[in-house]
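Participant: Take a look at this one; I'll ask things after.
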Amino acid sequence: MIAKIDDAVLTVEHLNMRFGGLLAVDNLSFDVGRKDITALIGPNGAGKTTVFNCITGFYKPTEGRITTHHEDGKKFLLERMDDFKIPKIAKVARTFQNIRLFSGMTVLENLMVGQHNPLMVASNYTFGGIFGLKTYKTAEKKAMDLAKYWMDQTRLTARADDAAGDLPYGDQRKLEIARAMCTNPKLLCLDEPAAGLNPRESEDLNKLLMFIRKERETGILLIEHDMNVVMGISDHIVVLDYGKKIADGTPEEIRSDPKVIAAYLGVDDEEIETVEQEIEEGVSS
Amino acid sequence: MTDETIKEANPGWHLDAGKVAKDLVVTALLATAIFGSTIAYKTVSAEGGLALETRYDIAFYIIAAVVVGRLILWLAVWSRPSGHRSPVMPANMKASIAFLTTKIGKGFATTMLLIALVFPFLPFTDRYLLDLGILVLTYVMLGWGLNIVVGLAGLLDLGYVAFYAIGAYSYALLAQYFGLSFWICLPLAGILAAFWGIILGFPVLRLRGDYLAIVTLAFGEIIRVVLLNWYWFTGGPDGLSGIPRPSFFGIDFNRSESGFAHIFGLEYSSSHRIVFLYFLILALALLTNFVTNRLRRLPIGRAWEALREDEIACRSLGLNTTTVKLTAFATGGMFAGFAGSFFATRQGFISPESFTFIESALILAIVVLGGMGSQIGVVIAAIVMIGGFEIFREAEQYRMLIFGLAMVFIMIWRPRGLISTRIPSIFLKEKKAVSSDMVSQGEGH
Ligand SMILES: Nc1ncnc2c1ncn2[C@@H]1O[C@H](COP(=O)(O)OP(=O)(O)O)[C@@H](O)[C@H]1O
Ligand SMILES: [Mg+2]
């Protein structure tokens with residue numbers, strides 16, 4: 001079963017990732033629609049983070065093909081690219097399950113590092129910038145504007161000059177997303193962005209993701225445990241269990257799939273009905 | 001107030017007497033084991049061989065001192081709330097202290113610069129002090145150069161002296177074989193040292209932590225051993241002598257008609273050259289500082305600091321960490337190369353003996369003591385260390401001991417170095433110093 005997606009920003013085909021004797025990802029294929037929010041869900045250890053690491057080049061897949069398609073028709077085979085070229089050239093950005101900020105640098109500095117590559121070009125690879133050329137000054141100002149834009153969107157402007165490590169947890173999560181967005185990605189991969197957030201922060205996050213999808217026209221691939229979030233905002237859900245895809249479809253299709261409920265929540269068949277009800281309530285609330 | 005509330009108000013401020021007593025007994029036993037054998041007995045030469053002399057009293061005093069010292073540590077240091085080395089402070093107070101230190105730091109830096117500028121003309125400055133000033137400034141420059149690699153990029157480099165050596169030998173050899181002047185050799189020496197920085201960078205790209213430290217250490221030794229054994233080219237242990245002295249942009253410092261003194265209508269004095277050397281190294285050091293500060297505000301400098309903070313996050317943002325590392329090694333190496341050719345022209349003679357591991361260790365100690373990444377901290381540390389070495393020159397035998405003790409105390413008192421706050425490279429509204437507990441130290445610490 002594979003959901004039909006006409007305009008995909010990312011296609012994953014027959015992805016396999018083996019660690020010694022463990023097949024962490026087993027013949028996985030799915031598409032991520034451009035400007036869609038696609039959720040990748042599954043129990044702990046299902047291989048979701050591993051899929052992210054394959055997409056973003058941190059792992060070289062044992063087998064399979066991962067392609068990004070830009071609007072202008074350019075295609076990039078991610079499994080053949082160096083990890084740092086994936087955000088730089090193929091325009092796929094990511095965040096991490098355990099937040100990875102530059103904690104000793106300020107919020108603004110974090111967002112400036114996110115724009116390293118265009119700034120590097122503008123500074124003539126440092127040789128122009130060191131003499132204070134005007135082209136670099138203008139580029140830096142533009143970069144500041146983009147950073148300000150994302151600080152406004154994530155409501156971090158007041159904390160622009162504070163160390164990233166000083167921010168509360170929820171703000172750190174948002175900053176990591178803002179920093180990834182500063183690379184101007186076509187696809188944003190978020191690894192459990194709502195983990196550890198309180199309901200209000202979680203609501204904020206949903207709004208931010210909807211905003212990114214709509215205003216910035218960036219596709220989002222997200223790993224999420226919170227059913228409320230998943231059912232509430234995704235256009236398309238892929239369910240993994242033990243590295244295998246067990247379901248793929250719209251939230252409505254997934255919600256009524258008994259295989260998903262059994263695997264995802266690890267419950268017996270007779271309990272499924274109660275769980276289904278809980279999810280139903282989650283969606284309507 | 002009940003006991004409970006007292007405890008809450010002072011979390012962790014209580015001592016477990018039993019635990020302390022046990023620790024003191026263990027300390028006494030250990031001290032007895034060590035000093036009982038080494039101090040209590042002394043062999044003296046007597047007629048017909050060696051005789052044993054006992055010194056129980058001295059051994060006893062030493063052991064007592066160790067135990068009392070340990071007790072003081074228990075009472076004064078380890079009874080503090082657990083998890084905090086310094087008393088807990090509210091965050092805003094911490095921030096304002098950090099802010100204050102930056103303000104003071106600015107005025108301090110200006111004062112230091114002014115003193116450095118007039119130093120050669122002060123009435124009490126004699127030849128000895130001027131030489132000491134040159135030495136201190138050389139180490140300030142080396143410290144600033146190493147600060148790029150260790151303090152900014154967070155790459156622990158134990159072989160930094162290799163680049164200093166490459167700079168020195170580059171000038172000496174270029175002058176000897178091609179007769180090039182100091183002013184042409186200076187940039188060439190920097191370029192060569194930067195090139196070797198890249199050569200070193202490649203094998204250590206994938207190394208982290210201790211492995212990085214060991215390979216850089218080995219690199220420093222390899223360069224020295226090559227210089228030592230490549231006899232026909234480098235003169236081996238004999239070194240290279242007769243290295244040309246620097247000229248005042250083409251005007252030599254001598255008694256002749258075309259000499260510096262004659263042209264500027266001064267009476268000839270051998271101190272002209274020394275004063276010139278002083279200003280030369282001052283200018284070179286300030287150049288290092290200026291370029292480093294500039295680079296910190298450019299994407300390359302921010303990439304260095306980001307690399308120190310989190311390498312994986314860097315790669316996820318499209319930074320090629322290979323080039324980031326190589327540029328850090330090359331830039332740091334380049335400044336050591338400049339300093340090296342200055343060293344060669346000042347000494348007029350160089351040999352591999354000047355470039356041993358202890359030099360690397362000294363430069364690294366200056367950077368760590370000053371506070372990694374802090375430019376002014378390096379200046380203070382260089383003055384304290386090099387000046388301190390001179391003050392204790394009389395006490396030759398105990399110099400290293402005093403030096404080591406001082407280091408231990410400073411590391412207990414200020415584990416992150418003298419100046420441990422970080423100044424952001426860019427700001428939106430106000431520049432707030434970042435307190436050191438946020439800042440990562442990078443690989444190998
Ligand atoms: N680098 C690795 N080496 C070996 N095994 C790994 C590695 N990364 C992940 N795994 C294994 O792959 C499986 C999937 O892990 P992961 O992708 O982190 O799961 P999820 O993110 O879905 O919770 C786990 O069994 C994990 O132990
Ligand atoms: Mg995971």
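Chain lettering (A, B, ...) mirrors the order of the structure tokens, residue numbering begins at 1 for each chain separately, and ligand numbering begins at 1 in order of display.
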Taking only C-alpha atoms and all ligand atoms into account, list the residues no farther than 10 Å from ligand 2, as a list in words.

Facilitator: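 Checking only C-alpha atoms and all ligand atoms against ligand 2 at 10 Å gives Ile41, Gly42, Pro43, Asn44, Gly45, Ala46, Gly47, Lys48, Thr49, Thr50, Val51, Phe52, Asn53, Phe96, Gln97, Asn98, Asp191, Glu192, Ile223 and Glu224 of chain A.
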
Participant: Name all residues at most 7 Å from region 426-436 of chain B (count only C-alpha atoms; drop same-chain ones fewer than 3 positions away) and give them as a ChimeraX atom specification.

Facilitator: /A:104,108-109,160-161,163 /B:98-99,297,420-423,439

Participant: Within 7 Å of chain A, which residues of chain B are there when counting only C-alpha atoms? Please give them as a PyMOL selection string.

Facilitator: chain B and resi 294-295+298-300+302-303+306+309-310+313+315-320+424+426-428+430-432+434+438-440

Participant: Would you list the contacts of Phe338 (chain B) as number ranges by chain, taking every protein, DNA or RNA residue within 8 Å and counting only C-alpha atoms, but skipping same-chain residues closer than 4 positions in sequence?

Facilitator: B: 164, 167, 186-187, 189-190, 284, 334, 342

Participant: Tell me which of A:Arg65, A:Lys35, A:Lys60, A:Lys207 sits closest to ligand 1, counting only C-alpha atoms and all ligand atoms.

Facilitator: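 Among A:Arg65, A:Lys35, A:Lys60, A:Lys207, it is A:Lys60 that comes nearest to ligand 1.
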
Participant: As a short mmCIF file (atom, residue, chain, number, x, y, z; two decimals) with all heavy atoms, in the first residue's frame, please: every residue in region 118-355 of chain B that a backbone DSSP assignment puts in strand (DSSP E or B).

Facilitator:
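As written to disk, part31.cif reads:
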```cif
data_model
loop_
_atom_site.label_atom_id
_atom_site.label_comp_id
_atom_site.auth_asym_id
_atom_site.auth_seq_id
_atom_site.Cartn_x
_atom_site.Cartn_y
_atom_site.Cartn_z
N LEU B 155 39.73 22.74 18.94
CA LEU B 155 40.56 21.59 18.57
C LEU B 155 41.83 21.62 19.41
O LEU B 155 42.64 22.54 19.27
CB LEU B 155 40.92 21.66 17.09
CG LEU B 155 39.74 21.70 16.13
CD1 LEU B 155 40.17 22.24 14.77
CD2 LEU B 155 39.12 20.33 15.99
N LEU B 240 71.15 26.90 12.85
CA LEU B 240 71.51 27.84 11.80
C LEU B 240 71.91 29.14 12.47
O LEU B 240 71.19 29.64 13.34
CB LEU B 240 70.31 28.11 10.89
CG LEU B 240 69.82 26.96 10.04
CD1 LEU B 240 68.46 27.27 9.47
CD2 LEU B 240 70.80 26.64 8.93
N SER B 241 73.06 29.67 12.06
CA SER B 241 73.47 30.94 12.67
C SER B 241 73.66 31.99 11.59
O SER B 241 73.55 31.70 10.39
CB SER B 241 74.74 30.74 13.48
OG SER B 241 75.71 30.15 12.65
N PHE B 248 65.17 48.48 9.29
CA PHE B 248 64.03 49.38 9.42
C PHE B 248 63.53 49.66 8.01
O PHE B 248 63.88 50.64 7.39
CB PHE B 248 64.45 50.66 10.13
CG PHE B 248 63.31 51.60 10.41
CD1 PHE B 248 62.45 51.38 11.47
CD2 PHE B 248 63.08 52.69 9.60
CE1 PHE B 248 61.39 52.23 11.71
CE2 PHE B 248 62.02 53.55 9.84
CZ PHE B 248 61.17 53.32 10.90
N ILE B 251 66.56 50.06 6.01
CA ILE B 251 67.66 50.80 6.63
C ILE B 251 68.22 49.97 7.78
O ILE B 251 67.47 49.59 8.69
CB ILE B 251 67.17 52.16 7.17
CG1 ILE B 251 66.47 52.93 6.06
CG2 ILE B 251 68.32 52.96 7.75
CD1 ILE B 251 65.69 54.13 6.54
N PHE B 349 70.12 33.19 15.67
CA PHE B 349 70.55 31.79 15.71
C PHE B 349 69.37 30.93 16.14
O PHE B 349 68.67 31.28 17.09
CB PHE B 349 71.70 31.62 16.71
CG PHE B 349 71.96 30.18 17.06
CD1 PHE B 349 72.65 29.36 16.18
CD2 PHE B 349 71.50 29.65 18.26
CE1 PHE B 349 72.87 28.04 16.49
CE2 PHE B 349 71.72 28.32 18.57
CZ PHE B 349 72.41 27.52 17.68
N ILE B 350 69.12 29.85 15.42
CA ILE B 350 68.06 28.95 15.87
C ILE B 350 68.55 27.51 15.82
O ILE B 350 69.41 27.16 15.00
CB ILE B 350 66.77 29.06 15.01
CG1 ILE B 350 67.09 28.93 13.53
CG2 ILE B 350 66.03 30.35 15.31
CD1 ILE B 350 65.87 28.81 12.66
#
```

Participant: Which neighbours of Pro352 (chain B) fall inside 8 Å, counting only C-alpha atoms, when residues of the same chain fewer than 2 positions from it are skipped, and could you give them as a PDB file with N, CA, C and O atoms, in the first residue's frame?

Facilitator:
```
ATOM      1  N   ALA B 165      58.323  26.670  14.746  1.00  0.00           N
ATOM      2  CA  ALA B 165      59.593  26.191  14.198  1.00  0.00           C
ATOM      3  C   ALA B 165      59.622  26.355  12.678  1.00  0.00           C
ATOM      4  O   ALA B 165      60.618  26.807  12.111  1.00  0.00           O
ATOM      5  N   ARG B 224      60.305  18.498  14.871  1.00  0.00           N
ATOM      6  CA  ARG B 224      61.547  18.757  15.591  1.00  0.00           C
ATOM      7  C   ARG B 224      62.612  17.717  15.234  1.00  0.00           C
ATOM      8  O   ARG B 224      63.775  18.073  14.991  1.00  0.00           O
ATOM      9  N   VAL B 225      62.198  16.446  15.175  1.00  0.00           N
ATOM     10  CA  VAL B 225      63.167  15.393  14.887  1.00  0.00           C
ATOM     11  C   VAL B 225      63.689  15.514  13.452  1.00  0.00           C
ATOM     12  O   VAL B 225      64.874  15.295  13.192  1.00  0.00           O
ATOM     13  N   LEU B 227      64.026  18.320  11.787  1.00  0.00           N
ATOM     14  CA  LEU B 227      64.969  19.442  11.811  1.00  0.00           C
ATOM     15  C   LEU B 227      66.305  19.008  12.402  1.00  0.00           C
ATOM     16  O   LEU B 227      67.365  19.446  11.982  1.00  0.00           O
ATOM     17  N   LEU B 228      66.210  18.107  13.370  1.00  0.00           N
ATOM     18  CA  LEU B 228      67.406  17.637  14.076  1.00  0.00           C
ATOM     19  C   LEU B 228      68.262  16.730  13.196  1.00  0.00           C
ATOM     20  O   LEU B 228      69.487  16.748  13.266  1.00  0.00           O
ATOM     21  N   GLY B 236      71.051  20.448  11.458  1.00  0.00           N
ATOM     22  CA  GLY B 236      70.831  19.504  12.562  1.00  0.00           C
ATOM     23  C   GLY B 236      70.921  20.177  13.921  1.00  0.00           C
ATOM     24  O   GLY B 236      70.457  21.304  14.087  1.00  0.00           O
ATOM     25  N   PRO B 237      71.563  19.494  14.885  1.00  0.00           N
ATOM     26  CA  PRO B 237      71.630  20.049  16.240  1.00  0.00           C
ATOM     27  C   PRO B 237      72.469  21.328  16.315  1.00  0.00           C
ATOM     28  O   PRO B 237      72.324  22.095  17.265  1.00  0.00           O
ATOM     29  N   GLY B 239      72.158  23.780  14.443  1.00  0.00           N
ATOM     30  CA  GLY B 239      71.264  24.902  14.161  1.00  0.00           C
ATOM     31  C   GLY B 239      71.768  25.769  13.018  1.00  0.00           C
ATOM     32  O   GLY B 239      72.697  25.396  12.285  1.00  0.00           O
ATOM     33  N   ILE B 350      69.123  29.849  15.423  1.00  0.00           N
ATOM     34  CA  ILE B 350      68.061  28.948  15.867  1.00  0.00           C
ATOM     35  C   ILE B 350      68.548  27.509  15.817  1.00  0.00           C
ATOM     36  O   ILE B 350      69.407  27.159  14.996  1.00  0.00           O
ATOM     37  N   SER B 354      65.072  25.002  20.583  1.00  0.00           N
ATOM     38  CA  SER B 354      64.114  26.047  20.961  1.00  0.00           C
ATOM     39  C   SER B 354      62.675  25.607  20.742  1.00  0.00           C
ATOM     40  O   SER B 354      61.756  26.332  21.099  1.00  0.00           O
ATOM     41  N   PHE B 355      62.475  24.464  20.103  1.00  0.00           N
ATOM     42  CA  PHE B 355      61.113  24.108  19.693  1.00  0.00           C
ATOM     43  C   PHE B 355      60.688  22.767  20.274  1.00  0.00           C
ATOM     44  O   PHE B 355      60.176  21.905  19.579  1.00  0.00           O
ATOM     45  N   THR B 356      60.912  22.604  21.562  1.00  0.00           N
ATOM     46  CA  THR B 356      60.549  21.336  22.193  1.00  0.00           C
ATOM     47  C   THR B 356      59.098  21.370  22.662  1.00  0.00           C
ATOM     48  O   THR B 356      58.450  22.411  22.644  1.00  0.00           O
TER      49      THR B 356
END
```

Participant: Residues within 6 Å of Ser29 (chain A), please, as a VMD selection string. Count only C-alpha atoms; anything in the same chain fewer than 4 positions from it doesn't count.

Facilitator: chain A and resid 12 to 14

Participant: Would you list, as a VMD selection string, the residues of region 201-248 of chain A that end up in helix (DSSP H, G or I) under DSSP run on this structure's backbone?

Facilitator: chain A and resid 201 to 215 227 to 233

Participant: Calculate how many Å separate CA of Asp235 (chain A) from CA of Leu111 (chain A), rounding to one decimal.

Facilitator: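 For CA of Asp235 (chain A) relative to CA of Leu111 (chain A), the distance reads 28.7 Å.
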
Participant: Between A:Asn124, A:Lys74, A:Asp204, A:Gly64, which is the closest to Gln153 (chain A) once you count only C-alpha atoms?

Facilitator: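 The answer is A:Asp204, which sits nearest to Gln153 (chain A).
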
Participant: Could you give me, as a PyMOL selection string, the residues within 10 Å of Arg208 (chain B), counting only C-alpha atoms and dropping anything in the same chain fewer than 2 positions from it?

Facilitator: chain B and resi 155-156+204-206+210-213+442-444

Participant: One decimal, Å: what's the distance from CA of Ala153 (chain B) over to CA of Ala361 (chain B), could you say?

Facilitator: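 The value is 18.3 Å.
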
Participant: Give the answer as one residue: which of A:Pro168, A:Gly243, A:Pro258, A:Pro61 has the shortest atom-to-atom distance to ligand 1, using only C-alpha atoms and all ligand atoms?

Facilitator: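 Closest candidate: A:Gly243.
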
Participant: From the list A:Leu175, A:Cys54, A:Ile237, A:Ala139, which residue is nearest Thr154 (chain A) when using only C-alpha atoms?

Facilitator: A:Leu175

Participant: Please provide the set of residues having any atom within 12 Å of Ala65 (chain B), restricted to only C-alpha atoms, with same-chain residues fewer than 3 positions apart removed, written as a list in words.

Facilitator: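 The contact residues come out as Leu24, Thr27, Ala28, Ala31, Thr32, Phe35, Ile58, Ala59, Phe60, Tyr61, Ile62, Val68, Gly69, Arg70, Leu71 and Ile72 of chain B.
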